[in-house]
Amino acid sequence: MSSIRMIISFLWDLMLVGQSSEYFLIFSIKFSNSSNFDI
């Protein structure tokens, strides 16, 4: 049970890191294109 939990958490971390960085880039590009806020 613990090994399965470790594998799931590891895959979850990889997915979160990969998707969050990708989505953050897309979101920041869309946000900067659709608004004139200076961040």
# chains A, B, ... in the order shown; residues from 1 in each chain; ligands from 1

$ select_by_dssp --residues "chain A" --states "helix (DSSP H, G or I)" --output "ChimeraX atom specification"
/A:2-34

$ write_last_selection --atoms "N, CA and C atoms" --output "mmCIF file, in the first residue's frame"
data_model
loop_
_atom_site.group_PDB
_atom_site.id
_atom_site.type_symbol
_atom_site.label_atom_id
_atom_site.label_comp_id
_atom_site.auth_asym_id
_atom_site.auth_seq_id
_atom_site.Cartn_x
_atom_site.Cartn_y
_atom_site.Cartn_z
ATOM 1 N N SER A 2 1.923 1.249 0.789
ATOM 2 C CA SER A 2 2.779 2.433 0.871
ATOM 3 C C SER A 2 3.539 2.651 -0.431
ATOM 4 N N SER A 3 3.953 1.549 -1.079
ATOM 5 C CA SER A 3 4.698 1.684 -2.336
ATOM 6 C C SER A 3 3.796 2.242 -3.431
ATOM 7 N N ILE A 4 2.548 1.792 -3.456
ATOM 8 C CA ILE A 4 1.603 2.319 -4.449
ATOM 9 C C ILE A 4 1.358 3.799 -4.188
ATOM 10 N N ARG A 5 1.269 4.142 -2.917
ATOM 11 C CA ARG A 5 1.050 5.542 -2.556
ATOM 12 C C ARG A 5 2.237 6.394 -2.983
ATOM 13 N N MET A 6 3.446 5.876 -2.800
ATOM 14 C CA MET A 6 4.643 6.618 -3.203
ATOM 15 C C MET A 6 4.673 6.814 -4.709
ATOM 16 N N ILE A 7 4.329 5.766 -5.455
ATOM 17 C CA ILE A 7 4.332 5.863 -6.920
ATOM 18 C C ILE A 7 3.290 6.864 -7.386
ATOM 19 N N ILE A 8 2.106 6.810 -6.783
ATOM 20 C CA ILE A 8 1.047 7.743 -7.182
ATOM 21 C C ILE A 8 1.445 9.177 -6.862
ATOM 22 N N SER A 9 2.025 9.381 -5.680
ATOM 23 C CA SER A 9 2.434 10.738 -5.300
ATOM 24 C C SER A 9 3.556 11.241 -6.206
ATOM 25 N N PHE A 10 4.456 10.330 -6.597
ATOM 26 C CA PHE A 10 5.553 10.708 -7.478
ATOM 27 C C PHE A 10 5.026 11.115 -8.848
ATOM 28 N N LEU A 11 4.120 10.299 -9.396
ATOM 29 C CA LEU A 11 3.533 10.625 -10.696
ATOM 30 C C LEU A 11 2.716 11.911 -10.600
ATOM 31 N N TRP A 12 2.033 12.096 -9.471
ATOM 32 C CA TRP A 12 1.222 13.295 -9.280
ATOM 33 C C TRP A 12 2.107 14.532 -9.259
ATOM 34 N N ASP A 13 3.249 14.435 -8.570
ATOM 35 C CA ASP A 13 4.190 15.564 -8.521
ATOM 36 C C ASP A 13 4.715 15.886 -9.912
ATOM 37 N N LEU A 14 5.060 14.855 -10.681
ATOM 38 C CA LEU A 14 5.544 15.083 -12.043
ATOM 39 C C LEU A 14 4.470 15.762 -12.879
ATOM 40 N N MET A 15 3.233 15.282 -12.754
ATOM 41 C CA MET A 15 2.141 15.839 -13.541
ATOM 42 C C MET A 15 1.888 17.285 -13.148
ATOM 43 N N LEU A 16 1.909 17.551 -11.825
ATOM 44 C CA LEU A 16 1.665 18.913 -11.363
ATOM 45 C C LEU A 16 2.755 19.860 -11.839
ATOM 46 N N VAL A 17 4.006 19.438 -11.736
ATOM 47 C CA VAL A 17 5.115 20.295 -12.151
ATOM 48 C C VAL A 17 5.037 20.568 -13.647
ATOM 49 N N GLY A 18 4.836 19.521 -14.436
ATOM 50 C CA GLY A 18 4.793 19.686 -15.886
ATOM 51 C C GLY A 18 3.612 20.517 -16.336
ATOM 52 N N GLN A 19 2.423 20.186 -15.827
ATOM 53 C CA GLN A 19 1.227 20.881 -16.276
ATOM 54 C C GLN A 19 1.165 22.294 -15.732
ATOM 55 N N SER A 20 1.584 22.484 -14.480
ATOM 56 C CA SER A 20 1.492 23.811 -13.882
ATOM 57 C C SER A 20 2.403 24.795 -14.613
ATOM 58 N N SER A 21 3.608 24.367 -14.969
ATOM 59 C CA SER A 21 4.520 25.255 -15.682
ATOM 60 C C SER A 21 3.981 25.561 -17.072
ATOM 61 N N GLU A 22 3.438 24.523 -17.737
ATOM 62 C CA GLU A 22 2.908 24.718 -19.080
ATOM 63 C C GLU A 22 1.682 25.621 -19.048
ATOM 64 N N TYR A 23 0.757 25.333 -18.129
ATOM 65 C CA TYR A 23 -0.453 26.138 -18.028
ATOM 66 C C TYR A 23 -0.138 27.549 -17.550
ATOM 67 N N PHE A 24 0.871 27.684 -16.699
ATOM 68 C CA PHE A 24 1.228 29.010 -16.213
ATOM 69 C C PHE A 24 1.765 29.864 -17.354
ATOM 70 N N LEU A 25 2.566 29.256 -18.241
ATOM 71 C CA LEU A 25 3.075 29.994 -19.396
ATOM 72 C C LEU A 25 1.927 30.415 -20.300
ATOM 73 N N ILE A 26 1.019 29.476 -20.586
ATOM 74 C CA ILE A 26 -0.115 29.786 -21.460
ATOM 75 C C ILE A 26 -0.998 30.848 -20.821
ATOM 76 N N PHE A 27 -1.254 30.691 -19.505
ATOM 77 C CA PHE A 27 -2.111 31.643 -18.806
ATOM 78 C C PHE A 27 -1.483 33.025 -18.768
ATOM 79 N N SER A 28 -0.181 33.091 -18.516
ATOM 80 C CA SER A 28 0.493 34.387 -18.439
ATOM 81 C C SER A 28 0.496 35.073 -19.802
ATOM 82 N N ILE A 29 0.673 34.276 -20.874
ATOM 83 C CA ILE A 29 0.654 34.850 -22.220
ATOM 84 C C ILE A 29 -0.732 35.381 -22.547
ATOM 85 N N LYS A 30 -1.771 34.584 -22.265
ATOM 86 C CA LYS A 30 -3.136 35.029 -22.547
ATOM 87 C C LYS A 30 -3.502 36.223 -21.681
ATOM 88 N N PHE A 31 -3.078 36.183 -20.408
ATOM 89 C CA PHE A 31 -3.418 37.264 -19.486
ATOM 90 C C PHE A 31 -2.742 38.557 -19.918
ATOM 91 N N SER A 32 -1.486 38.483 -20.327
ATOM 92 C CA SER A 32 -0.763 39.685 -20.738
ATOM 93 C C SER A 32 -1.307 40.215 -22.059
ATOM 94 N N ASN A 33 -1.846 39.321 -22.890
ATOM 95 C CA ASN A 33 -2.397 39.758 -24.166
ATOM 96 C C ASN A 33 -3.782 40.370 -23.998
ATOM 97 N N SER A 34 -4.548 39.894 -23.001
ATOM 98 C CA SER A 34 -5.932 40.341 -22.860
ATOM 99 C C SER A 34 -6.077 41.476 -21.857
#
